[in-house]
Each structure stands twice: as structure tokens, then as C-alpha cells.
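Each remark here refers to the structure printed beneath this line.
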Amino acid sequence: MTNNKQSRKIHFTKMHGAGNDYIYVNTIEYPISDPARAAIAWSDRHKGIGSDGLVLIGTPSTPDADFSMRIFNADGSEAMMCGNASRCIGKYLFECGWTDKTEIKLETLSGIKTLQLHIEGKVVTSVTVDMLEPVLENDAQFIPTRCSGNGTFVSMGNPHYVIFTDDVDQVGERGHVLEHHPAFPQRCNIEFARVEADGSIRTRVWERGSGITQACGTGACATAVAAVLTGRAPRISLIVMDGGTLTIEWRESDNHVYMTGPATFVFEGEIEYENDH
């Protein structure tokens with residue numbers, strides 16, 4: 001029996017947005033034939049690189065976008081969108097010389113997102129992402145809008161269930177249970193949030209397919225929207241997560257949610273990848 005597998009080295013970049021860390025591969029240069037398998041192996045924090053998942057940067061399928069993003073969670077499942085990852089991609093593309101644009105159109109599975117890069121010299125200090133309009137009603141993918149826990153359902157291109165509580169640390173106990181609740185056939189991201197005396201919103205996140213993460217961009221957006229809907233906060237909020245703080249604005253003029261926050265390079269390297277032929 002012939003072994004049709006061939007090993008090659010893949011260059012990767014490790015980045016994080018507010019502690020939400022991913023492995024980034026530029027598939028324009030390094031194609032990945034089985035990203036789900038790679039995500040599982042490389043995300044392992046003991047036997048791999050270690051991350052919340054794998055992000056692929058590529059060419060878009062439409063002339064309306066400049067680049068594309070695909071994201072695979074640590075368990076190999078594909079996510080529709082990641083706000084922290086999109087900010088990191090903006091920094092990567094500009095600082096690594098793939099574009100000189102300060103406004104980038106990024107194709108994702110949940111639509112084209114606009115990245116506004118904030119530049120000092122040649123360094124991207126922060127990125128604002130137009131996350132488009134939140135979805136609050138039932139649709140074919142996200143059923144229902146309510147389940148146990150007195151939470152609020154918000155889709156930011158991926159499903160979130162936000163629970164306001166004094167005990168945000170119950171994320172470890174209840175996150176997995178709620179992610180797999182029968183009310184969410186596609187599973188769900190879960191946020192436990194508390195409004196602080198200074199008006200900021202302390203939030204802990206259980207990400208679908210990854211578990212507890214340091215931060216979640218779409219989760220921060222969903223939390224801010226849920227806070228407005230329940231009368232807990234104005235339309236601009238500071239969302240304080242384990243790994244850092246994001247500024248979220250749910251703009252009344254266009255109903256879009258805008259997320260602003262940092263992106264950080266951690267390290268880069270090469271890893272063996274076994275390709276099927």
C-alpha cells in the first residue's frame with residue numbers, strides 16, 4: 001500500500017487580541033488542505049503550539065473584499081466569525097506588508113467586515129471592526145431566543161447567550177452545559193456579565209468549541225447589545241474580560257456594532273504539516 005502523505009513546513013504567526021490567542025497561517029503562501037485536523041493538533045497547549053484555534057488568511061471569493069478569514073476552534077469545528085481574530089488580521093496584513101490600506105474589507109462566513117486600522121508611524125495600535133447589525137430574533141440557524149438562565153440571545157454572525165449575574169465565575173461550571181443545551185442545536189457561546197460601579201461590564205466567556213477563553217470579540221459585542229436591550233448600559237460600553245478590555249459601540253445611526261481593541265504579535269515559527277495527496 002502506497003503512503004501518499006508528504007510532510008512540509010508551514011510558517012505560522014501566533015497573535016492575540018485581549019488574550020484571545022490564535023495561530024495564523026497565510027494560506028496565500030501556505031495552503032492547508034485539512035484545517036480542522038491542523039487546528040486540533042496545533043491548538044493543544046501541551047503537544048502543539050497552543051491556542052484557542054487556527055485562523056486562515058486567504059484570498060476572497062468576491063471582488064468586494066480584500067482578504068478572507070476562516071477560523072477553526074480548538075476542537076476542529078469551524079466558526080463563522082471572530083472579532084479578536086479579525087483585529088489581529090488587520091495588524092498582520094498591514095505590518096507584514098500585504099497591504100498599505102488602513103481600511104480593509106475582510107470576507108468571513110458571516111459577511112464582509114470592515115476593519116479600520118489606527119496607525120502610529122508604521123504600527124497598528126488598535127483596530128475598529130464594523131461587526132454589522134446584531135440579530136435578535138429567531139431564525140433558521142439560531143433557535144430559540146431564550147432558554148434557561150434568564151439570559152438574552154444575540155447573534156453577531158455567531159450565536160451568543162448573555163446572562164447578567166453577580167457571579168461571573170460560574171462560567172466554568174455552567175458554560176459547557178449551556179453551550180450544549182438542547183435549545184441551541186448548533187451549540188452556543190455563553191457570556192456571564194456583571195455591570196460594575198464605574199459602568200464597565202465585567203464579562204467572562206465560554207466559547208463554543210474552545211471552552212473558557214481570555215476574551216471574545218463577538219461575545220463582547222453581544223454583551224454590550226444585551227446590556228442596552230435590558231437597560232443596564234448606554235450604547236458605548238467598556239467590556240472587561242479576563243485578557244483585556246474592548247470598547248463596544250452599538251451605533252443608533254446605522255444599527256451597526258463597532259468593536260475597538262488591540263492586537264498583539266506573540267511569536268512566529270514553523271511547524272510540520274502532513275499533507276494528503
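Ordering of the C-alpha cells sets the chain letters (A, B, ...); residue numbers start at 1 within each chain; ligands are numbered from 1 in the order shown.
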
Contact residues around range 14-31 of chain A with only C-alpha atoms at 6 Å, ignoring same-chain residues under 6 positions, as a ChimeraX atom specification: /A:51-58,84,214-215,243-244,262-268

Got time to write the residues from that selection, C-alpha atoms, as an mmCIF file, in the first residue's frame?
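Heads up, here's the output in part03.cif:
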data_model
loop_
_atom_site.group_PDB
_atom_site.id
_atom_site.type_symbol
_atom_site.label_atom_id
_atom_site.label_comp_id
_atom_site.auth_asym_id
_atom_site.auth_seq_id
_atom_site.Cartn_x
_atom_site.Cartn_y
_atom_site.Cartn_z
ATOM 1 C CA SER A 51 -4.050 28.394 21.115
ATOM 2 C CA ASP A 52 -7.798 28.884 21.112
ATOM 3 C CA GLY A 53 -7.819 27.803 17.461
ATOM 4 C CA LEU A 54 -6.457 28.243 13.945
ATOM 5 C CA VAL A 55 -7.129 31.216 11.646
ATOM 6 C CA LEU A 56 -6.543 31.048 7.898
ATOM 7 C CA ILE A 57 -5.861 34.242 5.953
ATOM 8 C CA GLY A 58 -6.624 33.899 2.252
ATOM 9 C CA ASN A 84 -10.471 39.394 18.086
ATOM 10 C CA GLN A 214 -9.404 35.145 27.815
ATOM 11 C CA ALA A 215 -11.649 37.230 25.574
ATOM 12 C CA GLY A 243 -7.440 39.131 28.942
ATOM 13 C CA GLY A 244 -8.216 42.807 28.421
ATOM 14 C CA PRO A 262 -5.713 45.954 20.467
ATOM 15 C CA ALA A 263 -3.963 43.191 18.548
ATOM 16 C CA THR A 264 -0.606 41.764 19.547
ATOM 17 C CA PHE A 265 2.086 39.640 17.927
ATOM 18 C CA VAL A 266 3.350 36.876 20.234
ATOM 19 C CA PHE A 267 5.817 34.843 18.156
ATOM 20 C CA GLU A 268 6.227 33.129 14.804
#

Those of range 2-246 of chain A in DSSP helix (DSSP H, G or I), formatted as a ChimeraX atom specification: /A:35-43,83-95,168-179,217-229

Using only C-alpha atoms, tabulate the residues of range 210-265 of chain A lying at most 10 Å from any atom of range 167-179 of chain A, each with its closest atom pair and that distance in Å to one decimal, by chain and increasing residue number, as a Markdown table.
| residue | atom | partner | partner_atom | distance |
| --- | --- | --- | --- | --- |
| A:Ser210 | CA | A:His176 | CA | 9.9 |
| A:Gly211 | CA | A:His176 | CA | 7.1 |
| A:Ile212 | CA | A:Gly172 | CA | 7.0 |

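Considering only C-alpha atoms, the residue among A:Asp44, A:Glu95, A:Glu196, A:Glu249 positioned nearest to Arg232 in chain A is A:Glu196.
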
DSSP-assigned strand (DSSP E) among range 108-201 of chain A, expressed as a ChimeraX atom specification: /A:108,111-120,123-130,152-155,159-164,189-195,201

Keeping N, CA and C atoms for every residue in the selection just given, could you write it to a file as a compact mmCIF listing (two decimals), in the first residue's frame?
# COMPACT_ATOMS: atom_id res chain seq x y z
N THR A 108 -15.76 37.01 5.70
CA THR A 108 -15.92 35.96 6.70
C THR A 108 -17.17 35.16 6.37
N GLY A 111 -20.28 37.32 6.55
CA GLY A 111 -20.33 38.54 5.75
C GLY A 111 -19.00 39.26 5.71
N ILE A 112 -18.98 40.36 4.97
CA ILE A 112 -17.76 41.16 4.82
C ILE A 112 -17.70 42.19 5.94
N LYS A 113 -16.62 42.15 6.71
CA LYS A 113 -16.42 43.09 7.81
C LYS A 113 -15.40 44.15 7.40
N THR A 114 -15.65 45.38 7.79
CA THR A 114 -14.71 46.47 7.51
C THR A 114 -13.81 46.70 8.71
N LEU A 115 -12.50 46.65 8.48
CA LEU A 115 -11.51 46.89 9.54
C LEU A 115 -10.92 48.28 9.35
N GLN A 116 -11.02 49.12 10.36
CA GLN A 116 -10.41 50.44 10.33
C GLN A 116 -9.16 50.39 11.22
N LEU A 117 -7.99 50.53 10.59
CA LEU A 117 -6.74 50.44 11.33
C LEU A 117 -6.34 51.80 11.89
N HIS A 118 -5.96 51.84 13.16
CA HIS A 118 -5.48 53.07 13.78
C HIS A 118 -3.96 52.96 13.85
N ILE A 119 -3.28 53.87 13.15
CA ILE A 119 -1.85 53.76 12.91
C ILE A 119 -1.07 54.85 13.63
N GLU A 120 0.05 54.46 14.22
CA GLU A 120 1.04 55.42 14.71
C GLU A 120 2.36 55.04 14.07
N VAL A 123 2.98 51.33 12.86
CA VAL A 123 2.46 50.34 13.81
C VAL A 123 0.95 50.49 13.95
N VAL A 124 0.24 49.37 13.89
CA VAL A 124 -1.21 49.35 14.13
C VAL A 124 -1.42 49.26 15.63
N THR A 125 -1.90 50.35 16.23
CA THR A 125 -2.07 50.38 17.68
C THR A 125 -3.40 49.78 18.13
N SER A 126 -4.41 49.90 17.28
CA SER A 126 -5.71 49.29 17.57
C SER A 126 -6.49 49.19 16.27
N VAL A 127 -7.56 48.43 16.30
CA VAL A 127 -8.39 48.23 15.12
C VAL A 127 -9.85 48.34 15.52
N THR A 128 -10.63 49.07 14.71
CA THR A 128 -12.08 49.11 14.89
C THR A 128 -12.72 48.27 13.81
N VAL A 129 -13.58 47.35 14.22
CA VAL A 129 -14.24 46.44 13.29
C VAL A 129 -15.72 46.77 13.26
N ASP A 130 -16.25 46.98 12.05
CA ASP A 130 -17.69 47.12 11.87
C ASP A 130 -18.28 45.71 11.87
N THR A 152 -30.09 36.66 27.51
CA THR A 152 -30.51 37.35 26.30
C THR A 152 -29.73 36.78 25.12
N PHE A 153 -30.45 36.38 24.08
CA PHE A 153 -29.80 35.84 22.89
C PHE A 153 -29.44 36.97 21.93
N VAL A 154 -28.22 36.97 21.44
CA VAL A 154 -27.77 37.93 20.43
C VAL A 154 -26.86 37.18 19.46
N SER A 155 -27.12 37.30 18.17
CA SER A 155 -26.19 36.76 17.18
C SER A 155 -25.37 37.90 16.59
N PRO A 159 -23.74 32.64 17.36
CA PRO A 159 -24.74 32.75 18.43
C PRO A 159 -24.13 32.99 19.81
N HIS A 160 -24.76 33.90 20.57
CA HIS A 160 -24.32 34.19 21.94
C HIS A 160 -25.53 34.22 22.86
N TYR A 161 -25.31 33.78 24.08
CA TYR A 161 -26.33 33.84 25.12
C TYR A 161 -25.71 34.54 26.32
N VAL A 162 -26.23 35.73 26.65
CA VAL A 162 -25.62 36.59 27.67
C VAL A 162 -26.47 36.55 28.94
N ILE A 163 -25.83 36.19 30.04
CA ILE A 163 -26.51 36.11 31.34
C ILE A 163 -25.89 37.14 32.28
N PHE A 164 -26.69 38.06 32.77
CA PHE A 164 -26.22 39.04 33.75
C PHE A 164 -26.39 38.46 35.15
N ASN A 189 -22.21 30.19 22.15
CA ASN A 189 -21.25 30.86 23.01
C ASN A 189 -22.01 31.45 24.20
N ILE A 190 -21.39 31.37 25.37
CA ILE A 190 -22.07 31.79 26.60
C ILE A 190 -21.26 32.87 27.29
N GLU A 191 -21.93 33.97 27.68
CA GLU A 191 -21.28 35.05 28.43
C GLU A 191 -21.97 35.22 29.79
N PHE A 192 -21.15 35.38 30.83
CA PHE A 192 -21.64 35.75 32.16
C PHE A 192 -21.11 37.15 32.44
N ALA A 193 -22.01 38.10 32.69
CA ALA A 193 -21.63 39.52 32.74
C ALA A 193 -22.19 40.20 33.98
N ARG A 194 -21.45 41.21 34.46
CA ARG A 194 -21.85 41.99 35.63
C ARG A 194 -21.49 43.45 35.38
N VAL A 195 -22.46 44.34 35.57
CA VAL A 195 -22.20 45.77 35.43
C VAL A 195 -21.56 46.28 36.71
N ILE A 201 -18.44 46.72 32.11
CA ILE A 201 -19.15 45.45 32.22
C ILE A 201 -18.12 44.32 32.29

Best match for closeness to Gly199 in chain A among A:Lys47, A:His256, A:Arg235, A:Arg8, counting only C-alpha atoms: A:Arg235

Polymer residues at most 12 Å from Ser77 in chain A, only C-alpha atoms, same-chain spacing of 6 or more positions, as a PyMOL selection string: chain A and resi 34-40+52-55+70-71+186-187+207-210

Writer output for current selection, all heavy atoms, as a tab-separated table (two decimals), in the first residue's frame:
chain	number	residue	atom	x	y	z
A	34	ASP	N	-6.42	20.36	5.27
A	34	ASP	CA	-7.31	19.85	6.32
A	34	ASP	C	-7.17	20.73	7.56
A	34	ASP	O	-6.53	20.35	8.55
A	34	ASP	CB	-6.96	18.40	6.64
A	34	ASP	CG	-7.99	17.73	7.55
A	34	ASP	OD1	-8.88	18.44	8.06
A	34	ASP	OD2	-7.89	16.51	7.76
A	35	PRO	N	-7.75	21.94	7.53
A	35	PRO	CA	-7.57	22.87	8.65
A	35	PRO	C	-8.18	22.40	9.96
A	35	PRO	O	-7.67	22.73	11.03
A	35	PRO	CB	-8.24	24.16	8.15
A	35	PRO	CG	-9.15	23.74	7.06
A	35	PRO	CD	-8.53	22.53	6.43
A	36	ALA	N	-9.24	21.60	9.90
A	36	ALA	CA	-9.85	21.11	11.15
A	36	ALA	C	-8.86	20.22	11.89
A	36	ALA	O	-8.68	20.34	13.12
A	36	ALA	CB	-11.13	20.35	10.85
A	37	ARG	N	-8.21	19.32	11.17
A	37	ARG	CA	-7.22	18.44	11.80
A	37	ARG	C	-6.04	19.23	12.34
A	37	ARG	O	-5.54	18.98	13.44
A	37	ARG	CB	-6.75	17.39	10.78
A	37	ARG	CG	-5.66	16.46	11.30
A	37	ARG	CD	-5.43	15.30	10.33
A	37	ARG	NE	-5.00	15.75	9.02
A	37	ARG	CZ	-3.72	15.95	8.67
A	37	ARG	NH1	-2.76	15.77	9.56
A	37	ARG	NH2	-3.41	16.33	7.45
A	38	ALA	N	-5.58	20.21	11.55
A	38	ALA	CA	-4.46	21.04	12.00
A	38	ALA	C	-4.83	21.83	13.25
A	38	ALA	O	-4.02	21.98	14.17
A	38	ALA	CB	-4.04	21.99	10.87
A	39	ALA	N	-6.07	22.36	13.29
A	39	ALA	CA	-6.50	23.15	14.45
A	39	ALA	C	-6.45	22.33	15.72
A	39	ALA	O	-5.99	22.80	16.77
A	39	ALA	CB	-7.90	23.69	14.21
A	40	ILE	N	-6.91	21.09	15.66
A	40	ILE	CA	-6.93	20.23	16.84
A	40	ILE	C	-5.50	19.96	17.31
A	40	ILE	O	-5.18	20.08	18.51
A	40	ILE	CB	-7.66	18.91	16.53
A	40	ILE	CG1	-9.14	19.18	16.26
A	40	ILE	CG2	-7.49	17.92	17.68
A	40	ILE	CD1	-9.89	17.97	15.71
A	52	ASP	N	-6.35	29.09	21.10
A	52	ASP	CA	-7.80	28.88	21.11
A	52	ASP	C	-8.29	28.36	19.77
A	52	ASP	O	-9.47	28.04	19.63
A	52	ASP	CB	-8.52	30.20	21.43
A	52	ASP	CG	-8.30	30.64	22.88
A	52	ASP	OD1	-8.14	29.76	23.74
A	52	ASP	OD2	-8.27	31.86	23.13
A	53	GLY	N	-7.41	28.32	18.76
A	53	GLY	CA	-7.82	27.80	17.46
A	53	GLY	C	-6.86	28.24	16.37
A	53	GLY	O	-5.78	28.79	16.62
A	54	LEU	N	-7.26	27.97	15.13
A	54	LEU	CA	-6.46	28.24	13.94
A	54	LEU	C	-7.21	29.20	13.03
A	54	LEU	O	-8.40	28.99	12.75
A	54	LEU	CB	-6.18	26.93	13.21
A	54	LEU	CG	-5.54	27.01	11.82
A	54	LEU	CD1	-4.12	27.59	11.90
A	54	LEU	CD2	-5.52	25.63	11.16
A	55	VAL	N	-6.53	30.24	12.56
A	55	VAL	CA	-7.13	31.22	11.65
A	55	VAL	C	-6.37	31.19	10.33
A	55	VAL	O	-5.14	31.28	10.30
A	55	VAL	CB	-7.08	32.64	12.25
A	55	VAL	CG1	-7.64	33.66	11.25
A	55	VAL	CG2	-7.89	32.69	13.55
A	70	ARG	N	-10.91	32.38	7.59
A	70	ARG	CA	-11.62	31.21	8.10
A	70	ARG	C	-11.04	30.91	9.47
A	70	ARG	O	-9.84	31.06	9.69
A	70	ARG	CB	-11.45	30.00	7.18
A	70	ARG	CG	-12.15	30.16	5.84
A	70	ARG	CD	-11.98	28.90	5.01
A	70	ARG	NE	-12.74	27.78	5.57
A	70	ARG	CZ	-12.62	26.51	5.13
A	70	ARG	NH1	-11.76	26.22	4.18
A	70	ARG	NH2	-13.36	25.55	5.67
A	71	ILE	N	-11.90	30.50	10.39
A	71	ILE	CA	-11.45	30.25	11.76
A	71	ILE	C	-11.96	28.90	12.23
A	71	ILE	O	-13.13	28.56	12.06
A	71	ILE	CB	-11.92	31.39	12.71
A	71	ILE	CG1	-11.51	31.08	14.13
A	71	ILE	CG2	-13.39	31.66	12.60
A	71	ILE	CD1	-11.66	32.26	15.07
A	186	GLN	N	-27.14	24.28	17.21
A	186	GLN	CA	-25.79	24.50	16.68
A	186	GLN	C	-24.78	24.81	17.80
A	186	GLN	O	-23.68	25.25	17.51
A	186	GLN	CB	-25.78	25.64	15.66
A	186	GLN	CG	-26.24	25.24	14.25
A	186	GLN	CD	-27.74	25.04	14.19
A	186	GLN	OE1	-28.49	25.80	14.79
A	186	GLN	NE2	-28.16	24.03	13.48
A	187	ARG	N	-25.18	24.58	19.03
A	187	ARG	CA	-24.40	24.98	20.21
A	187	ARG	C	-24.32	26.51	20.27
A	187	ARG	O	-24.75	27.20	19.37
A	187	ARG	CB	-23.00	24.34	20.22
A	187	ARG	CG	-23.04	22.82	20.30
A	187	ARG	CD	-21.65	22.24	20.44
A	187	ARG	NE	-20.84	22.49	19.25
A	187	ARG	CZ	-19.52	22.46	19.25
A	187	ARG	NH1	-18.84	22.24	20.38
A	187	ARG	NH2	-18.85	22.67	18.13
A	207	GLU	N	-16.47	29.96	25.06
A	207	GLU	CA	-16.60	29.96	23.61
A	207	GLU	C	-16.95	28.57	23.10
A	207	GLU	O	-16.35	27.57	23.51
A	207	GLU	CB	-15.30	30.43	22.94
A	207	GLU	CG	-15.10	31.92	23.02
A	207	GLU	CD	-14.13	32.43	21.98
A	207	GLU	OE1	-14.35	32.18	20.78
A	207	GLU	OE2	-13.14	33.08	22.37
A	208	ARG	N	-17.90	28.54	22.20
A	208	ARG	CA	-18.32	27.31	21.56
A	208	ARG	C	-17.12	26.64	20.87
A	208	ARG	O	-16.47	27.22	20.02
A	208	ARG	CB	-19.41	27.63	20.51
A	208	ARG	CG	-19.93	26.47	19.71
A	208	ARG	CD	-21.03	26.90	18.77
A	208	ARG	NE	-20.61	27.89	17.79
A	208	ARG	CZ	-21.33	28.27	16.74
A	208	ARG	NH1	-22.54	27.76	16.56
A	208	ARG	NH2	-20.88	29.17	15.90
A	209	GLY	N	-16.81	25.44	21.29
A	209	GLY	CA	-15.72	24.70	20.67
A	209	GLY	C	-14.36	24.93	21.28
A	209	GLY	O	-13.41	24.23	20.94
A	210	SER	N	-14.22	25.91	22.19
A	210	SER	CA	-12.92	26.21	22.79
A	210	SER	C	-12.94	26.24	24.31
A	210	SER	O	-11.89	26.14	24.95
A	210	SER	CB	-12.39	27.56	22.27
A	210	SER	OG	-12.10	27.49	20.90

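Remark: for Asp100 in chain A, the closest of the candidate residues A:Glu270, A:Lys122, A:Leu238, A:Asn275 is A:Lys122 (distances computed over only C-alpha atoms).
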
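Counting only C-alpha atoms, the residue from A:Gly217, A:Asn158, A:Asp166, A:Ile271 that sits nearest to Ile10 in chain A is A:Ile271.
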
Non-local contacts of Gly90 in chain A (8 Å; only C-alpha atoms; under 2 positions in same chain excluded) as a list in words: Ser86, Arg87, Cys88, Tyr92, Leu93, Phe94, Ile104, Leu115, Leu117 and Val127 of chain A

Could you save the residues just selected, with all heavy atoms, as a short mmCIF file (atom, residue, chain, number, x, y, z; two decimals), in the first residue's frame?
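Everything below was put into selection.cif:
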data_model
loop_
_atom_site.label_atom_id
_atom_site.label_comp_id
_atom_site.auth_asym_id
_atom_site.auth_seq_id
_atom_site.Cartn_x
_atom_site.Cartn_y
_atom_site.Cartn_z
N SER A 86 -10.19 39.03 13.76
CA SER A 86 -10.25 39.99 12.65
C SER A 86 -9.35 41.20 12.92
O SER A 86 -8.69 41.72 12.00
CB SER A 86 -11.69 40.43 12.38
OG SER A 86 -12.23 41.12 13.49
N ARG A 87 -9.27 41.64 14.18
CA ARG A 87 -8.36 42.74 14.50
C ARG A 87 -6.91 42.32 14.28
O ARG A 87 -6.09 43.07 13.75
CB ARG A 87 -8.55 43.20 15.95
CG ARG A 87 -9.90 43.82 16.24
CD ARG A 87 -9.88 44.66 17.51
NE ARG A 87 -9.16 44.04 18.60
CZ ARG A 87 -9.67 43.12 19.43
NH1 ARG A 87 -10.93 42.72 19.27
NH2 ARG A 87 -8.95 42.62 20.42
N CYS A 88 -6.58 41.10 14.71
CA CYS A 88 -5.22 40.60 14.52
C CYS A 88 -4.86 40.51 13.05
O CYS A 88 -3.73 40.81 12.65
CB CYS A 88 -5.06 39.25 15.20
SG CYS A 88 -5.02 39.32 17.00
N TYR A 92 -1.71 42.14 11.13
CA TYR A 92 -0.81 41.27 10.38
C TYR A 92 -0.66 41.76 8.94
O TYR A 92 0.46 41.90 8.44
CB TYR A 92 -1.35 39.84 10.41
CG TYR A 92 -0.60 38.88 9.51
CD1 TYR A 92 0.45 38.12 9.99
CD2 TYR A 92 -0.95 38.75 8.16
CE1 TYR A 92 1.15 37.26 9.16
CE2 TYR A 92 -0.26 37.89 7.32
CZ TYR A 92 0.78 37.15 7.83
OH TYR A 92 1.48 36.30 6.99
N LEU A 93 -1.78 42.01 8.28
CA LEU A 93 -1.73 42.38 6.86
C LEU A 93 -0.97 43.68 6.64
O LEU A 93 -0.20 43.81 5.69
CB LEU A 93 -3.16 42.49 6.30
CG LEU A 93 -3.93 41.18 6.18
CD1 LEU A 93 -5.40 41.47 5.86
CD2 LEU A 93 -3.32 40.29 5.10
N PHE A 94 -1.18 44.66 7.53
CA PHE A 94 -0.53 45.96 7.37
C PHE A 94 0.94 45.90 7.74
O PHE A 94 1.82 46.32 6.97
CB PHE A 94 -1.25 47.02 8.21
CG PHE A 94 -0.74 48.42 7.99
CD1 PHE A 94 -1.24 49.20 6.96
CD2 PHE A 94 0.26 48.95 8.81
CE1 PHE A 94 -0.77 50.49 6.75
CE2 PHE A 94 0.74 50.24 8.60
CZ PHE A 94 0.23 51.00 7.56
N ILE A 104 -9.69 47.89 5.52
CA ILE A 104 -9.60 46.59 4.87
C ILE A 104 -10.97 45.92 4.91
O ILE A 104 -11.63 45.90 5.95
CB ILE A 104 -8.56 45.70 5.57
CG1 ILE A 104 -7.18 46.34 5.52
CG2 ILE A 104 -8.53 44.30 4.95
CD1 ILE A 104 -6.14 45.63 6.39
N LEU A 115 -12.50 46.65 8.48
CA LEU A 115 -11.51 46.89 9.54
C LEU A 115 -10.92 48.28 9.35
O LEU A 115 -10.39 48.59 8.29
CB LEU A 115 -10.38 45.86 9.48
CG LEU A 115 -10.74 44.39 9.28
CD1 LEU A 115 -9.49 43.53 9.26
CD2 LEU A 115 -11.70 43.92 10.35
N LEU A 117 -7.99 50.53 10.59
CA LEU A 117 -6.74 50.44 11.33
C LEU A 117 -6.34 51.80 11.89
O LEU A 117 -6.37 52.80 11.17
CB LEU A 117 -5.61 49.92 10.43
CG LEU A 117 -5.89 48.68 9.59
CD1 LEU A 117 -4.63 48.25 8.86
CD2 LEU A 117 -6.44 47.54 10.44
N VAL A 127 -7.56 48.43 16.30
CA VAL A 127 -8.39 48.23 15.12
C VAL A 127 -9.85 48.34 15.52
O VAL A 127 -10.27 47.80 16.55
CB VAL A 127 -8.14 46.84 14.48
CG1 VAL A 127 -9.02 46.64 13.24
CG2 VAL A 127 -6.66 46.67 14.12
#

Which residue of A:Asn255, A:Ser200, A:Thr213, A:Thr99 approaches Ala227 in chain A most closely, using only C-alpha atoms: A:Ser200

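In terms of minimum interatomic distance to Arg251 in chain A, A:Met131 ranks closest within A:Thr223, A:Met131, A:His181, A:Gly121, counting only C-alpha atoms.
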